[in-house]
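> Have a look at this one.
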Amino acid sequence: MINKIVSNTAEAVADIFDGATIMISGFGEAGSPVELIHALVDQGARNLTVVSNNAGSGHVGLAALIENRQVGKIICSFPRTSISVVFPELYRNGEIELELVPQGTLAERIRAGGSGIPAFYTRTSVNTQLAENKELRSFNNKEYVLEKAIVADFALVKCHEADKYGNLIYNKTARNFGPVMCMAAKTTIVQARKIIEVGEIDPECVVTPGIFVHRVVEISNPADESKLVAEERRYPWK
Amino acid sequence: MINKIVSNTAEAVADIFDGATIMISGFGEAGSPVELIHALVDQGARNLTVVSNNAGSGHVGLAALIENRQVGKIICSFPRTSISVVFPELYRNGEIELELVPQGTLAERIRAGGSGIPAFYTRTSVNTQLAENKELRSFNNKEYVLEKAIVADFALVKCHEADKYGNLIYNKTARNFGPVMCMAAKTTIVQARKIIEVGEIDPECVVTPGIFVHRVVEISNPADESKLVAEERRYPWK
Amino acid sequence: MEIKEKLGWSVNEMAQNVARDIQDGAYVNLGIGMPELVAGFIPEGREVIYHTENGLLGMGAVAVPGTEDPELVNAGKKYVTAIPGAAYFHHADSFAMIRGGHIDICVLGAYQVSEEGDLANWSTGVVDAIPAVGGAMDLVAGVETIFVITKHCTKNGDPKIVKKCTYPLTGKNVVSSIYSDLAIIDVIDKRLVVRELAPGVSFEILQQQTGATLHKSKLSE
Amino acid sequence: MEIKEKLGWSVNEMAQNVARDIQDGAYVNLGIGMPELVAGFIPEGREVIYHTENGLLGMGAVAVPGTEDPELVNAGKKYVTAIPGAAYFHHADSFAMIRGGHIDICVLGAYQVSEEGDLANWSTGVVDAIPAVGGAMDLVAGVETIFVITKHCTKNGDPKIVKKCTYPLTGKNVVSSIYSDLAIIDVIDKRLVVRELAPGVSFEILQQQTGATLHKSKLSE
């Protein structure tokens, strides 16, 4: 019988392997699965390719994963924030590879990956550096660039509430990349603020249907990344 | 100030012009905007290209529009049902053109149209008649077919509830093509079972945000197409 | 003819054979007609979630007469129900589930299946027929495991399992297994391997009713 | 320098100039920084719906201190609010709105704008800088009307409106109008046409501060 609930984050991320591609939800701290990322720091898989909109802040969450030298490459739209210190340092030292992708193209490449669409065309980035070495093609006398799908071995996603089928709802703008990342990973691992009974989510309001979710772990009081950063905390906790 | 509510279906469809491309929501009768279609029969625009999953039943709704010789071409996945009589007759007489599209490709071509994606690749229909004369291309050693976006001048869509901003929610499987068609038309015209106050729809549960909707008309007791067909009704009503 | 009609499995037994091969927790799409019977035979203790491509995951039983909702239908436009934990979504999202490989199993009917697992089930190719494809091509292209449930032969006694399909294809090399009234046949490396024979059916009888070369598996020997 | 600093419009007046050109009922995306000020100056009687690309249509004011929700932010990661009638959606849906041409107006800052309406606002091209693009390229490619709000010159006094951008482009031929502290300039048929001069600014002074040829409109003559 279907029950996707796992008891803790360590169990949830146990099988992430060296060299895996991992999608990580969030737009800044909103929707970032900090506890799952920290479990991955503990777990220690290395040489990961991370797909995420940003590259982490301070020394916690995604920044901690990068600082722990577990990430070989990051695919993202905006790796720079006023409080990002880890990524810039490693990037300048040539210790981490960056594939910079416009934000909407990133979202659509992930959706394509989850939807069995290997490639699509978009106007975004035409006539810019980011379209260099990419294939161009005209439709109706306008030029478009060919963009390829992104898929992942795992997705780490934060949601608001989940049931044991893996149906998810999100909270406000913390939804962001969660739904498309759930679709595009072989194994989708979700941390939910609350696990609720099957049937409690109105079927009209399910955002991510359970078919896209493989594991759910309850984290009832997830960390506020911005608070941890303000307090200059570091993971692993000292 | 924003108020997309119009007072009746005649006003809602008044500017549909000869030769326009019209998307019509619905999967069979579920989600079919029967009253808007009937207003279009009354309005009389001709030589329309209709994009819809089916081709109508009996002599009402989309079948009535076709029977009234207003449709020059239909783009659809399944024009044949046990009670479709109008389309088959006109098709056999060469009086209507058919572009047959696999259902998922149809949905995705419409979503692409609404999303600024001129074309995408899919596995669907590779090695079949429906891929003849279409461009093939390999990605990761699998063959895919290039499919182009569909856009429309107008969409006629049925929903459950709407507010004056044009935010929509649907009812169960009557949702089907509505949300993607709203995105892909220059002018989206919606019939809602009920018009409600702005703020009554939970922002987490809005299915079609108002940005995709231009006109809303309240039809509080929409016809059951299957009942009309069973009663052998014909539109215009005798 | 007398003998032939008594040979093999009933339609319900065929559906049962398919159901036996659907694992616990599977996400399954059932085609219109005979495939719909499969839901009634899932073995006790297994939970299966049904997807219908018109926008519902967690489809329940057919609606009880008197409770039908014309806005809650399956892909065959039958009035159905939704289970607790169901989700509604639009058509593009629904086919993203299909095309993206998220549905585990799809059970379909067939006009013909070839020895390489090609499927023809959307058009008989008759010139005057109204062409209609629905979601068939999307399903065979997107779902990893395609089970075909079909009578072994047509009403005229022509084999439906053939060397090469003469009807227009729905998809090439897509069928995993065939559940007929006479046998269960797996398509393995472009060969038809007989996994199980219906009671009273010998390999030789089966081969006579089949338009392509069959191979024995350990079990059917 | 004294004179120069007193010339022209204040930042608030610049925002007001932009706001005046946003019609009732418009769907608008405001870039990070100076563009955010525009929302405060929409003329009475007009209703404008704000889109933020991280998944909200119907963004309201900045959150009152003490009521901030870290899961309700705008594209600049500022704590904001949502109006009644708002909708949340995921990132692919959000950029479908942008790429699909559904947003009427986007207001952005600029490093440089060329006389043909090319915009450079994502990278200064400095070798050691960390490249970051965000949604800028999607916005200029997808939104029909791009308003640029910018100081006419850099802090060093270099013109930001130039014949050809030297910084990496965000998009080519994308800018509709430029709202600077010295003038409002429309890009019409790949020419810079001065629509309005700030108080105390003559066409000649403006031309001196500009790295591309300006053209007079009837209004600025």
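Quick note on naming: the chains in the structure tokens go A, B, ... in the order shown, residues restart at 1 in each chain, and ligands are numbered from 1 in order of appearance.
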Can you pull out the residues contacting B:Leu62? Cut-off 12 Å, using only C-alpha atoms, and skip same-chain residues under 6 positions away; I want them as a ChimeraX atom specification.
/B:22-29,32-41,48,50-56,68-71,74,79,84-87,156,225,229,234-235
> Based on only C-alpha atoms, which of the residues in chain C come within 9 Å of chain B? I want them as an MDAnalysis selection string.
chainID C and resid 53:56 70:75 77 87:96 98:99 128:142 168:172
> Restrict the distance test to only C-alpha atoms, flag each residue of chain B within 7 Å of chain A, and return the flagged residues as a PDB file with C-alpha atoms, in the first residue's frame.

ATOM      1  CA  GLY B 116       5.994  32.043 -26.187  1.00  0.00           C
ATOM      2  CA  ILE B 117       7.477  28.742 -27.314  1.00  0.00           C
ATOM      3  CA  PRO B 118       7.201  28.502 -31.098  1.00  0.00           C
ATOM      4  CA  ALA B 119       8.037  24.802 -31.319  1.00  0.00           C
ATOM      5  CA  PHE B 120       9.111  21.770 -29.289  1.00  0.00           C
ATOM      6  CA  TYR B 121      10.049  18.142 -29.811  1.00  0.00           C
ATOM      7  CA  THR B 122       8.049  15.103 -28.735  1.00  0.00           C
ATOM      8  CA  PHE B 139      18.204  13.605 -28.993  1.00  0.00           C
ATOM      9  CA  LYS B 172     -13.356  18.479 -11.710  1.00  0.00           C
ATOM     10  CA  GLU B 204      -3.171  29.248  -3.674  1.00  0.00           C
ATOM     11  CA  CYS B 205      -6.056  27.651  -5.611  1.00  0.00           C
TER      12      CYS B 205
END
> What are the closest atom pairs, with distances in Å to one decimal, for all residues of stretch 63-124 of chain D lying within 9 Å of stretch 20-26 of chain D? Consider only C-alpha atoms, order rows by chain and residue number, and present the result as CSV.

residue,atom,partner,partner_atom,distance
D:Ile103,CA,D:Ala26,CA,7.9
D:Asp104,CA,D:Ala26,CA,6.0
D:Ile105,CA,D:Ala26,CA,7.3
> Could you turn the residues from that selection into a file that holds C-alpha atoms, as a PDB file, in the first residue's frame?

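Final output, out_16.pdb:
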ATOM      1  CA  ILE D 103       2.708  41.125 -19.246  1.00  0.00           C
ATOM      2  CA  ASP D 104       1.952  44.553 -20.706  1.00  0.00           C
ATOM      3  CA  ILE D 105       4.835  46.562 -19.335  1.00  0.00           C
TER       4      ILE D 105
END
> May I have all residues of stretch 112-189 of chain D that DSSP, computed from the backbone, assigns to helix (DSSP H, G or I), given as a list in words?
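Across stretch 112-189 of chain D, those assigned helix (DSSP H, G or I) are Ala136, Met137, Asp138, Leu139, Val140, Ala141 and Gly142 of chain D.
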> Can you write just those residues out, C-alpha atoms, as a PDB file, in the first residue's frame?

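Saved file again-v2.pdb follows:
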ATOM      1  CA  ALA D 136      16.234  39.976 -17.090  1.00  0.00           C
ATOM      2  CA  MET D 137      16.672  38.290 -20.465  1.00  0.00           C
ATOM      3  CA  ASP D 138      13.288  36.571 -20.218  1.00  0.00           C
ATOM      4  CA  LEU D 139      11.583  39.866 -19.428  1.00  0.00           C
ATOM      5  CA  VAL D 140      13.050  41.833 -22.327  1.00  0.00           C
ATOM      6  CA  ALA D 141      12.431  38.961 -24.747  1.00  0.00           C
ATOM      7  CA  GLY D 142       8.843  38.402 -23.654  1.00  0.00           C
TER       8      GLY D 142
END
> With only C-alpha atoms as the counted atoms, please give the residues lying no more than 8 Å from D:Val18, apart from itself and same-chain residues fewer than 2 positions off, as a list in words.
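Surrounding residues, per the criterion: Met14, Ala15, Gln16, Arg20, Asp21, Ile22, Val38, Phe147, Ile149 and Tyr179 of chain D.
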> For stretch 188-199 of chain A, list every protein, DNA or RNA residue within 6 Å, evaluated using only C-alpha atoms, and leave out those in the same chain fewer than 5 positions away; present the list as JSON, numbers by chain.
{"A": [154, 155, 156, 157, 158, 159, 160, 161, 162, 163, 182, 213, 214, 215, 216, 217, 218, 219, 220], "C": [84, 85]}
> For the residues in the current selection, export all heavy atoms as a compact mmCIF listing (two decimals), in the first residue's frame.

# COMPACT_ATOMS: atom_id res chain seq x y z
N PHE A 154 17.91 13.27 -8.49
CA PHE A 154 17.14 13.56 -7.28
C PHE A 154 16.67 15.01 -7.29
O PHE A 154 17.32 15.88 -7.86
CB PHE A 154 18.01 13.35 -6.02
CG PHE A 154 18.51 11.95 -5.85
CD1 PHE A 154 19.72 11.55 -6.40
CD2 PHE A 154 17.77 11.01 -5.13
CE1 PHE A 154 20.19 10.25 -6.26
CE2 PHE A 154 18.22 9.71 -4.98
CZ PHE A 154 19.44 9.32 -5.54
N ALA A 155 15.54 15.24 -6.65
CA ALA A 155 15.12 16.62 -6.36
C ALA A 155 14.92 16.72 -4.86
O ALA A 155 14.35 15.81 -4.23
CB ALA A 155 13.83 16.97 -7.09
N LEU A 156 15.41 17.80 -4.29
CA LEU A 156 15.14 18.12 -2.88
C LEU A 156 14.22 19.33 -2.88
O LEU A 156 14.59 20.39 -3.38
CB LEU A 156 16.44 18.45 -2.14
CG LEU A 156 17.57 17.40 -2.20
CD1 LEU A 156 18.76 17.86 -1.34
CD2 LEU A 156 17.08 16.03 -1.73
N VAL A 157 13.03 19.16 -2.33
CA VAL A 157 12.00 20.18 -2.45
C VAL A 157 11.36 20.44 -1.09
O VAL A 157 11.17 19.52 -0.30
CB VAL A 157 10.92 19.72 -3.47
CG1 VAL A 157 9.70 20.63 -3.44
CG2 VAL A 157 11.53 19.67 -4.88
N LYS A 158 11.06 21.72 -0.85
CA LYS A 158 10.33 22.08 0.37
C LYS A 158 8.90 22.45 0.00
O LYS A 158 8.67 23.20 -0.95
CB LYS A 158 10.99 23.28 1.03
CG LYS A 158 10.35 23.68 2.36
CD LYS A 158 10.96 25.00 2.83
CE LYS A 158 10.47 25.40 4.21
NZ LYS A 158 10.99 26.74 4.55
N CYS A 159 7.94 21.88 0.74
CA CYS A 159 6.55 22.28 0.52
C CYS A 159 5.90 22.63 1.85
O CYS A 159 6.55 22.60 2.90
CB CYS A 159 5.78 21.17 -0.18
SG CYS A 159 5.28 19.83 0.92
N HIS A 160 4.62 22.95 1.79
CA HIS A 160 3.91 23.33 3.00
C HIS A 160 3.28 22.10 3.66
O HIS A 160 3.64 21.74 4.76
CB HIS A 160 2.84 24.37 2.65
CG HIS A 160 2.18 24.99 3.83
ND1 HIS A 160 2.89 25.63 4.82
CD2 HIS A 160 0.88 25.05 4.21
CE1 HIS A 160 2.05 26.07 5.75
NE2 HIS A 160 0.83 25.73 5.40
N GLU A 161 2.39 21.45 2.94
CA GLU A 161 1.74 20.25 3.48
C GLU A 161 1.78 19.12 2.46
O GLU A 161 1.73 19.36 1.25
CB GLU A 161 0.29 20.55 3.86
CG GLU A 161 0.19 21.55 5.02
CD GLU A 161 -1.23 21.83 5.48
OE1 GLU A 161 -2.16 21.69 4.65
OE2 GLU A 161 -1.40 22.18 6.66
N ALA A 162 1.84 17.89 2.97
CA ALA A 162 1.91 16.72 2.10
C ALA A 162 1.09 15.60 2.72
O ALA A 162 0.92 15.55 3.95
CB ALA A 162 3.36 16.27 1.93
N ASP A 163 0.59 14.67 1.88
CA ASP A 163 -0.02 13.46 2.43
C ASP A 163 0.82 12.25 2.03
O ASP A 163 1.82 12.39 1.32
CB ASP A 163 -1.50 13.34 2.00
CG ASP A 163 -1.68 13.16 0.50
OD1 ASP A 163 -0.76 12.63 -0.17
OD2 ASP A 163 -2.74 13.54 -0.01
N CYS A 182 9.87 18.63 -8.95
CA CYS A 182 9.27 17.34 -8.59
C CYS A 182 9.07 16.47 -9.83
O CYS A 182 9.20 15.26 -9.78
CB CYS A 182 7.92 17.54 -7.91
SG CYS A 182 8.02 18.12 -6.21
N VAL A 213 6.14 12.45 -6.66
CA VAL A 213 6.85 12.50 -5.36
C VAL A 213 7.14 11.09 -4.87
O VAL A 213 6.28 10.21 -4.95
CB VAL A 213 5.98 13.26 -4.34
CG1 VAL A 213 6.58 13.19 -2.95
CG2 VAL A 213 5.81 14.71 -4.78
N HIS A 214 8.35 10.88 -4.37
CA HIS A 214 8.73 9.54 -3.93
C HIS A 214 8.93 9.41 -2.44
O HIS A 214 8.70 8.36 -1.87
CB HIS A 214 9.99 9.11 -4.70
CG HIS A 214 9.78 9.20 -6.18
ND1 HIS A 214 10.10 10.33 -6.90
CD2 HIS A 214 9.20 8.35 -7.05
CE1 HIS A 214 9.75 10.16 -8.17
NE2 HIS A 214 9.20 8.98 -8.29
N ARG A 215 9.38 10.47 -1.80
CA ARG A 215 9.61 10.42 -0.35
C ARG A 215 9.19 11.74 0.28
O ARG A 215 9.48 12.80 -0.27
CB ARG A 215 11.09 10.19 -0.04
CG ARG A 215 11.60 8.86 -0.51
CD ARG A 215 13.12 8.76 -0.35
NE ARG A 215 13.60 7.72 -1.24
CZ ARG A 215 14.84 7.63 -1.68
NH1 ARG A 215 15.75 8.50 -1.29
NH2 ARG A 215 15.19 6.65 -2.49
N VAL A 216 8.56 11.64 1.43
CA VAL A 216 8.15 12.83 2.16
C VAL A 216 8.64 12.72 3.60
O VAL A 216 8.47 11.67 4.23
CB VAL A 216 6.60 12.97 2.17
CG1 VAL A 216 6.18 14.16 3.01
CG2 VAL A 216 6.05 13.07 0.76
N VAL A 217 9.23 13.79 4.10
CA VAL A 217 9.65 13.79 5.50
C VAL A 217 9.11 15.07 6.16
O VAL A 217 9.10 16.14 5.55
CB VAL A 217 11.20 13.66 5.63
CG1 VAL A 217 11.91 14.78 4.91
CG2 VAL A 217 11.64 13.58 7.08
N GLU A 218 8.61 14.92 7.36
CA GLU A 218 8.02 16.08 8.04
C GLU A 218 9.10 16.86 8.80
O GLU A 218 9.85 16.29 9.59
CB GLU A 218 6.93 15.63 9.02
CG GLU A 218 6.15 16.79 9.62
CD GLU A 218 5.00 16.33 10.51
OE1 GLU A 218 5.28 15.70 11.56
OE2 GLU A 218 3.84 16.58 10.17
N ILE A 219 9.18 18.14 8.51
CA ILE A 219 10.06 19.06 9.25
C ILE A 219 9.15 20.17 9.72
O ILE A 219 8.85 21.11 8.98
CB ILE A 219 11.17 19.64 8.35
CG1 ILE A 219 12.01 18.55 7.71
CG2 ILE A 219 12.03 20.64 9.13
CD1 ILE A 219 12.90 17.79 8.65
N SER A 220 8.69 20.07 10.97
CA SER A 220 7.59 20.95 11.37
C SER A 220 8.05 22.38 11.65
O SER A 220 7.26 23.31 11.55
CB SER A 220 6.85 20.37 12.57
OG SER A 220 7.76 19.94 13.54
N PRO C 84 -10.47 9.64 -2.31
CA PRO C 84 -9.80 10.60 -1.43
C PRO C 84 -8.30 10.62 -1.79
O PRO C 84 -7.72 9.56 -2.02
CB PRO C 84 -10.00 10.01 -0.03
CG PRO C 84 -11.17 9.08 -0.17
CD PRO C 84 -11.11 8.54 -1.57
N GLY C 85 -7.73 11.80 -1.87
CA GLY C 85 -6.33 11.90 -2.29
C GLY C 85 -6.17 12.09 -3.79
O GLY C 85 -5.07 12.08 -4.31
> Excluding D:Pro199 and residues on its chain fewer than 5 positions from it, collect all residues at most 10 Å away from it, counting only C-alpha atoms, and give them as an MDAnalysis selection string.
chainID D and resid 7:9 181:183
> For the residues selected in the previous step, produce a file with N, CA, C and O atoms as a CSV table (one decimal), in the first residue's frame.

chain,number,residue,atom,x,y,z
D,7,LEU,N,20.0,70.2,-12.0
D,7,LEU,CA,19.3,70.0,-13.2
D,7,LEU,C,18.4,68.8,-13.1
D,7,LEU,O,18.7,67.8,-12.4
D,8,GLY,N,17.3,68.8,-13.8
D,8,GLY,CA,16.5,67.6,-14.0
D,8,GLY,C,15.6,67.1,-12.9
D,8,GLY,O,15.3,67.8,-12.0
D,9,TRP,N,15.1,65.9,-13.2
D,9,TRP,CA,14.1,65.4,-12.3
D,9,TRP,C,14.7,64.6,-11.1
D,9,TRP,O,15.7,64.0,-11.3
D,181,ASP,N,16.7,61.2,-15.6
D,181,ASP,CA,16.5,62.4,-14.8
D,181,ASP,C,16.5,63.7,-15.7
D,181,ASP,O,16.1,64.7,-15.2
D,182,LEU,N,17.0,63.5,-16.9
D,182,LEU,CA,17.0,64.7,-17.8
D,182,LEU,C,16.0,64.7,-18.9
D,182,LEU,O,15.7,65.8,-19.4
D,183,ALA,N,15.4,63.6,-19.2
D,183,ALA,CA,14.5,63.6,-20.3
D,183,ALA,C,13.7,62.3,-20.4
D,183,ALA,O,14.1,61.3,-19.8
> So how many Å separate atom CA of C:Lys216 and atom CA of C:Asn17, to one decimal?
18.7 Å
> Using only C-alpha atoms, which of the listed residues (C:Thr210, C:Thr124, C:Gln112, C:Asn12) sits closest to C:Pro35?
C:Asn12
